[in-house]
>>> print(open('coords20.cif').read())   # mmCIF, C-alpha atoms and all ligand atoms
data_upload
loop_
_atom_site.label_atom_id
_atom_site.label_comp_id
_atom_site.auth_asym_id
_atom_site.auth_seq_id
_atom_site.Cartn_x
_atom_site.Cartn_y
_atom_site.Cartn_z
CA MET P 250 0.00 0.00 0.00
CA LYS P 251 1.04 3.61 -0.45
CA VAL P 252 2.02 5.01 2.93
CA LEU P 253 2.92 8.54 4.03
CA VAL P 254 5.00 8.60 7.20
CA TYR P 255 4.65 11.89 9.06
CA SER P 256 7.13 13.28 11.61
CA ALA P 257 9.74 10.99 10.09
CA ARG P 258 13.25 11.33 11.44
CA PRO P 259 16.18 9.51 9.76
CA TYR P 260 15.99 6.70 12.34
CA ASP P 261 12.27 6.16 11.59
CA GLU P 262 13.07 5.83 7.91
CA ARG P 263 15.93 3.41 8.59
CA PHE P 264 13.95 1.06 10.84
CA LEU P 265 10.76 1.19 8.75
CA ARG P 266 12.63 0.47 5.49
CA GLU P 267 14.41 -2.46 7.15
CA ALA P 268 11.10 -3.90 8.41
CA ASN P 269 9.25 -3.22 5.16
CA GLN P 270 11.58 -5.06 2.78
CA GLY P 271 9.79 -3.47 -0.18
CA GLN P 272 6.32 -4.76 0.77
CA HIS P 273 4.66 -1.33 0.85
CA GLU P 274 5.42 1.95 -0.92
CA LEU P 275 6.79 4.13 1.87
CA HIS P 276 7.12 7.93 1.60
CA PHE P 277 8.61 10.00 4.41
CA VAL P 278 8.07 13.63 5.43
CA GLU P 279 9.74 15.29 8.40
CA THR P 280 6.83 17.66 9.01
CA ARG P 281 4.28 16.82 11.70
CA LEU P 282 0.70 16.16 10.74
CA GLU P 283 -1.56 19.12 11.44
CA ARG P 284 -4.23 21.10 9.62
CA GLN P 285 -1.63 22.90 7.48
CA THR P 286 0.16 19.71 6.40
CA VAL P 287 -2.72 17.25 5.98
CA ILE P 288 -2.84 18.15 2.28
CA LEU P 289 0.36 16.13 1.81
CA ALA P 290 -1.62 12.96 2.57
CA LYS P 291 -3.90 13.38 -0.45
CA ASP P 292 -4.26 10.04 -2.26
CA PHE P 293 -2.33 8.12 0.40
CA PRO P 294 -4.60 5.31 1.68
CA VAL P 295 -2.34 4.89 4.70
CA ILE P 296 -0.67 7.43 6.93
CA CYS P 297 1.73 6.62 9.75
CA GLY P 298 1.86 9.05 12.67
CA PHE P 299 3.67 9.60 15.94
CA VAL P 300 2.89 11.16 19.32
CA GLU P 301 3.27 14.77 18.15
CA ASP P 302 0.91 14.41 15.18
CA ASP P 303 -2.48 16.09 15.43
CA LEU P 304 -5.21 13.55 14.74
CA SER P 305 -8.13 15.63 15.94
CA ALA P 306 -11.50 15.60 14.13
CA PRO P 307 -10.76 18.43 11.64
CA VAL P 308 -7.55 16.73 10.50
CA LEU P 309 -9.28 13.35 10.28
CA ARG P 310 -12.01 14.87 8.10
CA GLN P 311 -9.37 16.20 5.70
CA LEU P 312 -7.61 12.84 5.64
CA VAL P 313 -10.84 11.11 4.61
CA LYS P 314 -11.40 13.71 1.88
CA GLY P 315 -7.91 12.86 0.58
CA LYS P 316 -8.88 9.13 0.51
CA THR P 317 -6.93 7.97 3.57
CA ARG P 318 -8.41 4.80 5.11
CA LEU P 319 -5.82 3.67 7.68
CA ILE P 320 -3.90 5.54 10.35
CA THR P 321 -1.20 3.42 11.92
CA LEU P 322 0.64 4.93 14.86
CA ARG P 323 4.25 4.33 15.83
CA SER P 324 3.31 4.62 19.51
CA THR P 325 1.47 2.79 22.28
CA GLY P 326 -0.32 5.92 23.54
CA PHE P 327 -3.11 7.23 21.29
CA ASN P 328 -4.37 10.22 23.26
CA ASN P 329 -3.65 12.43 20.21
CA VAL P 330 -6.33 10.64 18.14
CA ASP P 331 -10.03 11.49 18.25
CA LEU P 332 -11.20 7.89 18.03
CA GLU P 333 -14.89 8.74 18.09
CA ALA P 334 -14.44 10.97 15.04
CA ALA P 335 -12.32 8.28 13.33
CA ASP P 336 -15.08 5.71 13.91
CA ARG P 337 -17.72 8.09 12.57
CA LEU P 338 -15.60 8.75 9.48
CA GLY P 339 -14.89 5.07 8.86
CA LEU P 340 -11.14 5.42 9.41
CA THR P 341 -9.26 2.47 10.85
CA VAL P 342 -6.76 3.41 13.57
CA MET P 343 -4.02 1.02 14.66
CA ARG P 344 -1.23 1.41 17.16
CA VAL P 345 1.75 -0.54 18.50
CA ALA P 346 0.06 -2.01 21.55
CA ALA P 347 3.25 -3.45 22.95
CA TYR P 348 6.97 -3.15 22.38
CA SER P 349 9.98 -3.42 24.61
CA PRO P 350 8.64 -2.29 28.00
CA TYR P 351 12.29 -2.49 29.11
CA SER P 352 13.17 0.58 27.04
CA ILE P 353 10.88 2.89 29.02
CA ALA P 354 11.26 1.20 32.41
CA GLU P 355 15.06 1.26 32.18
CA PHE P 356 15.01 4.92 31.15
CA ALA P 357 12.85 5.81 34.16
CA VAL P 358 15.42 4.11 36.39
CA GLY P 359 18.18 6.01 34.59
CA ILE P 360 16.51 9.33 35.38
CA ILE P 361 16.13 8.32 39.04
CA LEU P 362 19.83 7.43 39.31
CA SER P 363 20.91 10.65 37.57
CA LEU P 364 18.69 12.85 39.73
CA ASN P 365 19.58 11.10 42.96
CA ARG P 366 23.35 10.98 42.44
CA LYS P 367 23.43 14.24 40.44
CA ILE P 368 25.26 12.60 37.55
CA HIS P 369 23.97 15.24 35.11
CA ARG P 370 25.51 17.96 37.28
CA ALA P 371 28.75 16.06 37.93
CA TYR P 372 29.26 15.63 34.18
CA GLN P 373 29.07 19.40 33.64
CA ARG P 374 31.29 20.16 36.65
CA VAL P 375 34.13 17.86 35.67
CA ARG P 376 34.16 19.33 32.16
CA ASP P 377 34.92 22.64 33.92
CA ASN P 378 37.74 21.00 35.97
CA ASN P 379 35.57 21.30 39.09
CA PHE P 380 36.01 18.12 41.11
CA LEU P 381 34.18 19.25 44.27
CA LEU P 382 31.53 16.94 45.72
CA ASP P 383 29.57 19.69 47.49
CA GLY P 384 25.96 19.63 46.34
CA LEU P 385 26.22 16.13 44.87
CA LEU P 386 25.03 14.20 47.94
CA GLY P 387 22.54 11.46 47.12
CA PHE P 388 20.84 8.66 49.05
CA ASP P 389 20.84 4.85 48.94
CA LEU P 390 17.91 3.50 46.94
CA HIS P 391 18.05 0.40 49.11
CA GLY P 392 15.24 0.48 51.67
CA LYS P 393 13.38 3.42 50.09
CA THR P 394 9.70 3.25 49.13
CA VAL P 395 8.86 3.50 45.45
CA GLY P 396 5.28 4.22 44.33
CA VAL P 397 4.40 2.79 40.93
CA VAL P 398 1.35 4.48 39.41
CA GLY P 399 0.16 2.04 36.73
CA THR P 400 1.52 -1.50 37.00
CA GLY P 401 0.88 -2.61 33.41
CA LYS P 402 3.66 -3.82 31.11
CA ILE P 403 6.07 -0.94 31.73
CA GLY P 404 5.17 -0.42 35.39
CA ALA P 405 5.74 -4.13 36.06
CA VAL P 406 9.25 -4.12 34.56
CA PHE P 407 10.04 -0.91 36.42
CA SER P 408 8.83 -2.52 39.68
CA GLN P 409 11.05 -5.56 39.14
CA ILE P 410 14.11 -3.37 38.59
CA MET P 411 13.41 -1.26 41.68
CA HIS P 412 12.86 -4.46 43.68
CA GLY P 413 16.36 -5.43 42.60
CA PHE P 414 17.68 -2.27 44.27
CA GLY P 415 16.05 -3.39 47.53
CA CYS P 416 13.19 -0.86 47.43
CA HIS P 417 9.76 -1.33 49.03
CA LEU P 418 7.04 -1.22 46.39
CA LEU P 419 3.64 0.48 46.53
CA GLY P 420 1.31 0.13 43.56
CA TYR P 421 -1.75 1.95 42.25
CA ASP P 422 -3.75 0.41 39.41
CA LEU P 423 -7.30 -0.61 38.52
CA ARG P 424 -6.00 -4.19 38.30
CA GLN P 425 -3.60 -5.85 40.72
CA LYS P 426 -0.83 -8.10 39.43
CA PRO P 427 -0.27 -11.25 41.53
CA GLU P 428 3.36 -11.51 40.36
CA LEU P 429 4.06 -8.02 41.74
CA ILE P 430 2.27 -8.81 45.01
CA ALA P 431 4.51 -11.90 45.21
CA LEU P 432 7.46 -9.51 44.80
CA GLY P 433 6.27 -7.60 47.87
CA MET P 434 4.25 -4.83 46.22
CA ARG P 435 1.38 -3.46 48.29
CA TYR P 436 -1.47 -1.92 46.30
CA THR P 437 -2.88 1.25 47.86
CA SER P 438 -5.06 4.23 47.06
CA LEU P 439 -3.38 6.96 45.02
CA ASN P 440 -3.30 9.35 47.98
CA GLU P 441 -1.70 6.76 50.25
CA LEU P 442 0.89 5.97 47.58
CA LEU P 443 1.70 9.67 47.17
CA SER P 444 2.00 10.24 50.91
CA GLN P 445 4.27 7.24 51.58
CA SER P 446 6.59 7.06 48.58
CA ASP P 447 10.10 8.50 48.42
CA ILE P 448 10.01 8.08 44.64
CA ILE P 449 6.87 8.11 42.48
CA SER P 450 6.94 6.93 38.88
CA LEU P 451 3.98 7.33 36.52
CA HIS P 452 3.18 4.50 34.08
CA ILE P 453 -0.56 4.85 33.41
CA PRO P 454 -2.04 5.94 30.09
CA LEU P 455 -3.50 9.39 29.58
CA THR P 456 -7.29 9.16 29.65
CA PRO P 457 -10.02 11.57 30.80
CA GLU P 458 -9.75 9.91 34.25
CA THR P 459 -5.98 10.34 34.52
CA TYR P 460 -5.69 13.81 32.99
CA HIS P 461 -3.83 16.05 35.52
CA LEU P 462 -3.63 13.20 38.01
CA ILE P 463 -0.93 15.27 39.68
CA ASN P 464 -2.59 18.61 40.29
CA HIS P 465 -2.64 21.26 43.01
CA GLU P 466 -4.77 19.01 45.24
CA THR P 467 -2.98 15.66 44.83
CA ILE P 468 0.48 17.23 45.05
CA ALA P 469 -0.36 18.22 48.62
CA PHE P 470 -0.36 14.49 49.53
CA LEU P 471 3.29 14.06 48.50
CA LYS P 472 5.76 13.05 51.15
CA GLU P 473 8.13 15.91 51.98
CA GLY P 474 11.19 15.61 49.71
CA ALA P 475 9.69 13.07 47.28
CA MET P 476 11.05 12.53 43.77
CA LEU P 477 8.51 12.48 40.90
CA ILE P 478 9.19 10.78 37.55
CA ASN P 479 6.96 10.86 34.47
CA THR P 480 7.85 8.78 31.42
CA SER P 481 4.22 8.16 30.42
CA ARG P 482 2.31 11.16 29.04
CA GLY P 483 2.83 14.83 29.86
CA ALA P 484 -0.75 15.73 30.70
CA LEU P 485 -0.80 13.30 33.63
CA ILE P 486 0.79 16.24 35.46
CA ASP P 487 -0.34 19.84 35.61
CA ALA P 488 3.26 21.03 35.23
CA ARG P 489 2.45 24.45 36.67
CA VAL P 490 2.00 22.95 40.15
CA LEU P 491 5.53 21.55 40.12
CA ILE P 492 7.16 24.96 40.33
CA PRO P 493 5.96 26.06 43.81
CA SER P 494 6.54 22.53 45.15
CA LEU P 495 10.11 22.53 43.86
CA LYS P 496 10.71 26.03 45.27
CA ARG P 497 9.45 24.94 48.69
CA GLY P 498 11.40 21.65 48.61
CA ARG P 499 8.32 19.45 48.95
CA LEU P 500 9.59 17.88 45.73
CA SER P 501 13.32 17.09 45.99
CA ALA P 502 13.60 16.23 42.30
CA VAL P 503 11.51 15.87 39.16
CA GLY P 504 12.26 13.83 36.03
CA LEU P 505 10.12 14.40 32.96
CA ASP P 506 10.51 12.60 29.66
CA VAL P 507 7.11 13.91 28.59
CA TYR P 508 5.43 17.28 28.86
CA GLU P 509 1.84 18.32 28.24
CA GLU P 510 2.79 20.97 25.68
CA GLU P 511 5.58 18.93 24.10
CA SER P 512 4.07 18.94 20.61
CA HIS P 513 5.28 22.56 20.22
CA LEU P 514 8.81 21.68 21.33
CA TYR P 515 9.92 18.11 21.10
CA PHE P 516 11.65 16.31 18.25
CA ARG P 517 13.13 19.50 16.82
CA ASP P 518 16.17 21.73 17.32
CA LEU P 519 15.05 25.04 18.88
CA SER P 520 18.51 26.02 20.09
CA ASP P 521 18.45 29.35 18.24
CA LYS P 522 14.89 30.21 19.33
CA ILE P 523 13.45 31.90 22.42
CA LEU P 524 11.27 29.47 24.35
CA GLN P 525 7.74 30.87 24.54
CA ASP P 526 6.57 28.30 27.10
CA ASP P 527 7.28 29.89 30.49
CA VAL P 528 6.47 26.73 32.46
CA ILE P 529 9.04 24.48 30.83
CA ALA P 530 11.51 27.38 30.67
CA ARG P 531 11.25 27.78 34.47
CA LEU P 532 11.42 24.01 35.07
CA ILE P 533 14.63 23.77 33.03
CA THR P 534 16.31 26.27 35.41
CA PHE P 535 16.02 23.96 38.45
CA PRO P 536 19.18 21.94 39.05
CA ASN P 537 17.05 19.12 40.47
CA VAL P 538 14.82 18.83 37.40
CA LEU P 539 15.87 16.57 34.54
CA ILE P 540 13.90 16.98 31.33
CA THR P 541 14.35 14.82 28.25
CA GLY P 542 12.55 15.06 24.91
CA HIS P 543 10.37 11.93 24.91
CA GLN P 544 13.23 9.51 24.38
CA ALA P 545 12.36 6.76 26.87
CA PHE P 546 11.27 4.41 24.08
CA PHE P 547 14.36 5.07 21.99
CA THR P 548 16.34 1.84 21.92
CA ARG P 549 17.36 -0.32 18.98
CA GLU P 550 15.13 -3.14 20.20
CA ALA P 551 12.06 -0.92 20.65
CA GLU P 552 12.52 0.79 17.26
CA THR P 553 12.88 -2.60 15.56
CA GLU P 554 9.68 -3.90 17.20
CA ILE P 555 7.74 -0.69 16.46
CA ALA P 556 8.71 -0.76 12.77
CA ALA P 557 7.86 -4.47 12.42
CA THR P 558 4.44 -3.90 14.01
CA VAL P 559 3.66 -0.90 11.81
CA VAL P 560 4.43 -2.94 8.68
CA GLN P 561 2.38 -5.89 10.00
CA ASN P 562 -0.55 -3.54 10.75
CA ILE P 563 -0.50 -2.25 7.17
CA SER P 564 -0.26 -5.78 5.72
CA ASP P 565 -3.12 -7.00 7.91
CA PHE P 566 -5.28 -4.04 6.90
CA ALA P 567 -4.44 -4.61 3.21
CA SER P 568 -5.57 -8.22 3.42
CA GLY P 569 -8.73 -7.40 5.40
CA ARG P 570 -7.49 -8.93 8.67
CA THR P 571 -8.02 -7.20 12.00
CA ASN P 572 -5.49 -7.51 14.79
CA ALA P 573 -5.20 -6.56 18.46
CA ASN P 574 -3.64 -3.21 17.54
CA THR P 575 -6.90 -1.86 16.09
CA LEU P 576 -8.39 0.88 18.27
CA LYS P 577 -12.12 1.31 18.73
CA ALA P 578 -13.76 4.33 20.32
CA GLU P 579 -16.24 2.30 22.35
CA LYS P 580 -13.38 0.48 24.10
CA VAL P 581 -11.75 3.67 25.32
CA LEU P 582 -13.41 6.92 26.17
CA VAL P 583 -11.13 9.35 24.43
CA SER P 584 -11.33 12.95 23.44
CA SER P 585 -8.52 14.38 21.40
CA ARG P 586 -6.86 16.71 23.88
CA TYR P 587 -8.46 16.37 27.32
CA LYS P 588 -8.84 20.08 27.76
P1 LIG D 601 -0.36 -0.97 29.87
O1 LIG D 601 -1.69 -0.88 29.23
O2 LIG D 601 0.36 -2.29 29.88
O3 LIG D 601 -0.47 -0.52 31.41
C1 LIG D 601 -1.24 0.57 31.82
C2 LIG D 601 -1.78 0.26 33.22
O4 LIG D 601 -2.48 1.42 33.68
C3 LIG D 601 -2.75 -0.93 33.24
O5 LIG D 601 -2.35 -1.85 34.23
C4 LIG D 601 -4.10 -0.28 33.58
O6 LIG D 601 -4.93 -1.10 34.39
C5 LIG D 601 -3.66 0.98 34.33
N1 LIG D 601 -4.66 2.04 34.30
C6 LIG D 601 -5.29 2.55 33.21
N2 LIG D 601 -6.15 3.53 33.59
C7 LIG D 601 -6.04 3.63 34.93
C8 LIG D 601 -6.68 4.46 35.91
N3 LIG D 601 -7.59 5.37 35.55
N4 LIG D 601 -6.34 4.29 37.20
C9 LIG D 601 -5.43 3.36 37.57
N5 LIG D 601 -4.80 2.54 36.70
C10 LIG D 601 -5.10 2.69 35.39
O7 LIG D 601 0.54 0.16 29.21
P2 LIG D 601 2.13 0.25 29.14
O8 LIG D 601 2.62 -0.44 27.92
O9 LIG D 601 2.70 -0.12 30.47
O10 LIG D 601 2.32 1.82 28.85
C11 LIG D 601 1.94 2.80 29.81
C12 LIG D 601 2.02 4.17 29.19
O11 LIG D 601 3.39 4.50 28.95
C13 LIG D 601 1.37 4.31 27.81
O12 LIG D 601 -0.01 4.55 27.91
C14 LIG D 601 2.10 5.47 27.20
O13 LIG D 601 1.37 6.65 27.43
C15 LIG D 601 3.42 5.52 27.98
N6 LIG D 601 4.58 5.31 27.08
C16 LIG D 601 5.56 6.26 27.07
C17 LIG D 601 6.66 6.09 26.22
C18 LIG D 601 7.83 7.07 26.17
O14 LIG D 601 8.68 6.98 25.28
N7 LIG D 601 7.96 8.01 27.09
C19 LIG D 601 6.72 4.96 25.40
C20 LIG D 601 5.70 4.01 25.46
C21 LIG D 601 4.62 4.19 26.31
#
>>> encode(input="coords20.cif", output="structure tokens", more="lines below")
Ligand code: NAD
Amino acid sequence: MKVLVYSARPYDERFLREANQGQHELHFVETRLERQTVILAKDFPVICGFVEDDLSAPVLRQLVKGKTRLITLRSTGFNNVDLEAADRLGLTVMRVAAYSPYSIAEFAVGIILSLNRKIHRAYQRVRDNNFLLDGLLGFDLHGKTVGVVGTGKIGAVFSQIMHGFGCHLLGYDLRQKPELIALGMRYTSLNELLSQSDIISLHIPLTPETYHLINHETIAFLKEGAMLINTSRGALIDARVLIPSLKRGRLSAVGLDVYEEESHLYFRDLSDKILQDDVIARLITFPNVLITGHQAFFTREAETEIAATVVQNISDFASGRTNANTLKAEKVLVSSRYK
């Protein structure tokens, strides 16, 4: 099938071409999908999008006018797609339901280690021939309490790694996992988890129920000096509430691989621009905040699996087969932006 891949970086092209092996006609554009760029998809029956692409109702309507029939995402999360509108318009939407959960879980652990032992600051210091240890004091992870919000595929791997460090595990999820309970995890309410955890890591999807899960009310439950990590979706946190908590020291550190307004920033070089987003600009100034540009998934293994699944999705669609990656609006209550 003829496929237009939006938001395509050189690594996307490399992995998708390797997985495709000439089966489908792949075209790549670096631009993100939005109202102004949807015209490029005219006469492409398939488009392939990523987390920053705008798949709201007006864009979907234009896609249908241009004869698109399948949207296949290169991501697990699909909060950027208006599934109800897609259903109404007869568009099939597929995602990559699962790929290396290790990539994201390991990255979350990496952020924790960097923030705790100040590795990001030490790296800068030593480059300036400053070998002082002042300000670099960390703590042993052993014996600390880690709150895992969302114990699905990624949260489970994350829990196993933190168990390996000798941490106590608290979990919050709609469903409890016996294998994590066997590991020593205790499932609690969200507020209890927030009030008892030294480190909190978010691994739930963004839905209307989880939108701004961390807000000015829930942040008040946090244990004094807690560390908060988000490698899931930006809008799980109202980022504005982080700033006063960081200033007061209620939060000792924050690690964010995702940010609610990331679609205006991430996956591009803005080094010669003035940041217009005052919230992220302020967050970047804190020495105890580590922000990365949605890279937790970015391993060779994950990219290989994502590309293989995208190609399989297209082949299944072409031959009239459905698979578990097909998204239906009735299964998930989703609006395009949760605002
Ligand atoms: P998953 O479906 O395996 O797990 C999600 C868990 O959240 C499930 O156990 C589910 O029961 C729970 N959950 C859902 N809604 C809930 C609610 N309202 N309250 C409590 N629990 C709830 O998903 P996963 O593969 O572990 O991925 C988790 C999220 O990670 C994805 O939705 C995606 O947003 C994010 N992600 C981020 C990156 C990245 O690069 N930063 C990459 C992949 C996925």
>>> residues_near_ligand(input="coords20.cif", ligand="ligand LIG 601 (chain D)", cutoff="8 Å", atoms="all atoms listed in the file", output="VMD selection string")
chain P and resid 324 to 328 346 to 348 350 352 to 353 398 to 405 421 to 425 452 to 456 458 to 459 479 to 482 506 to 507 543 to 547
>>> residues_around(input="coords20.cif", residues="Leu429 of chain P", least_positions_apart="5", cutoff="9 Å", atoms="all atoms listed in the file", output="list of chain:residue names")
P:Thr400, P:Ala405, P:Ser408, P:Gln409, P:Leu418, P:Gly420, P:Met434, P:Arg435
>>> write_last_selection(input="coords20.cif", atoms="C-alpha atoms", output="PDB file, keeping the file's coordinate frame")
ATOM      1  CA  THR P 400       1.520  -1.500  37.000  1.00  0.00           C
ATOM      2  CA  ALA P 405       5.740  -4.130  36.060  1.00  0.00           C
ATOM      3  CA  SER P 408       8.830  -2.520  39.680  1.00  0.00           C
ATOM      4  CA  GLN P 409      11.050  -5.560  39.140  1.00  0.00           C
ATOM      5  CA  LEU P 418       7.040  -1.220  46.390  1.00  0.00           C
ATOM      6  CA  GLY P 420       1.310   0.130  43.560  1.00  0.00           C
ATOM      7  CA  MET P 434       4.250  -4.830  46.220  1.00  0.00           C
ATOM      8  CA  ARG P 435       1.380  -3.460  48.290  1.00  0.00           C
TER       9      ARG P 435
END
>>> atom_distance(input="coords20.cif", atom1="atom CA of Val560 of chain P", atom2="atom CA of Leu265 of chain P")
7.6 Å
>>> residues_around(input="coords20.cif", residues="segment 334-343 of chain P", least_positions_apart="5", cutoff="6 Å", atoms="only C-alpha atoms", output="list in words")
Ala306, Arg318, Leu319, Ile320, Thr321, Asn574, Thr575 and Leu576 of chain P
>>> write_last_selection(input="coords20.cif", atoms="C-alpha atoms", output="mmCIF file, in the frame of the given file")
data_model
loop_
_atom_site.group_PDB
_atom_site.id
_atom_site.type_symbol
_atom_site.label_atom_id
_atom_site.label_comp_id
_atom_site.auth_asym_id
_atom_site.auth_seq_id
_atom_site.Cartn_x
_atom_site.Cartn_y
_atom_site.Cartn_z
ATOM 1 C CA ALA P 306 -11.500 15.600 14.130
ATOM 2 C CA ARG P 318 -8.410 4.800 5.110
ATOM 3 C CA LEU P 319 -5.820 3.670 7.680
ATOM 4 C CA ILE P 320 -3.900 5.540 10.350
ATOM 5 C CA THR P 321 -1.200 3.420 11.920
ATOM 6 C CA ASN P 574 -3.640 -3.210 17.540
ATOM 7 C CA THR P 575 -6.900 -1.860 16.090
ATOM 8 C CA LEU P 576 -8.390 0.880 18.270
#
>>> atom_distance(input="coords20.cif", atom1="atom CA of Gln285 of chain P", atom2="atom CA of Tyr255 of chain P")
12.8 Å
>>> atom_distance(input="coords20.cif", atom1="atom CA of Val358 of chain P", atom2="atom CA of Ala573 of chain P")
29.3 Å
>>> closest_residue(input="coords20.cif", among="P:Lys251, P:His412, P:Arg370, P:Arg517", to="His276 of chain P", atoms="all atoms listed in the file")
P:Lys251
>>> closest_residue(input="coords20.cif", among="P:Pro427, P:Leu312, P:Arg281, P:Leu491", to="Leu514 of chain P", atoms="all atoms listed in the file")
P:Arg281
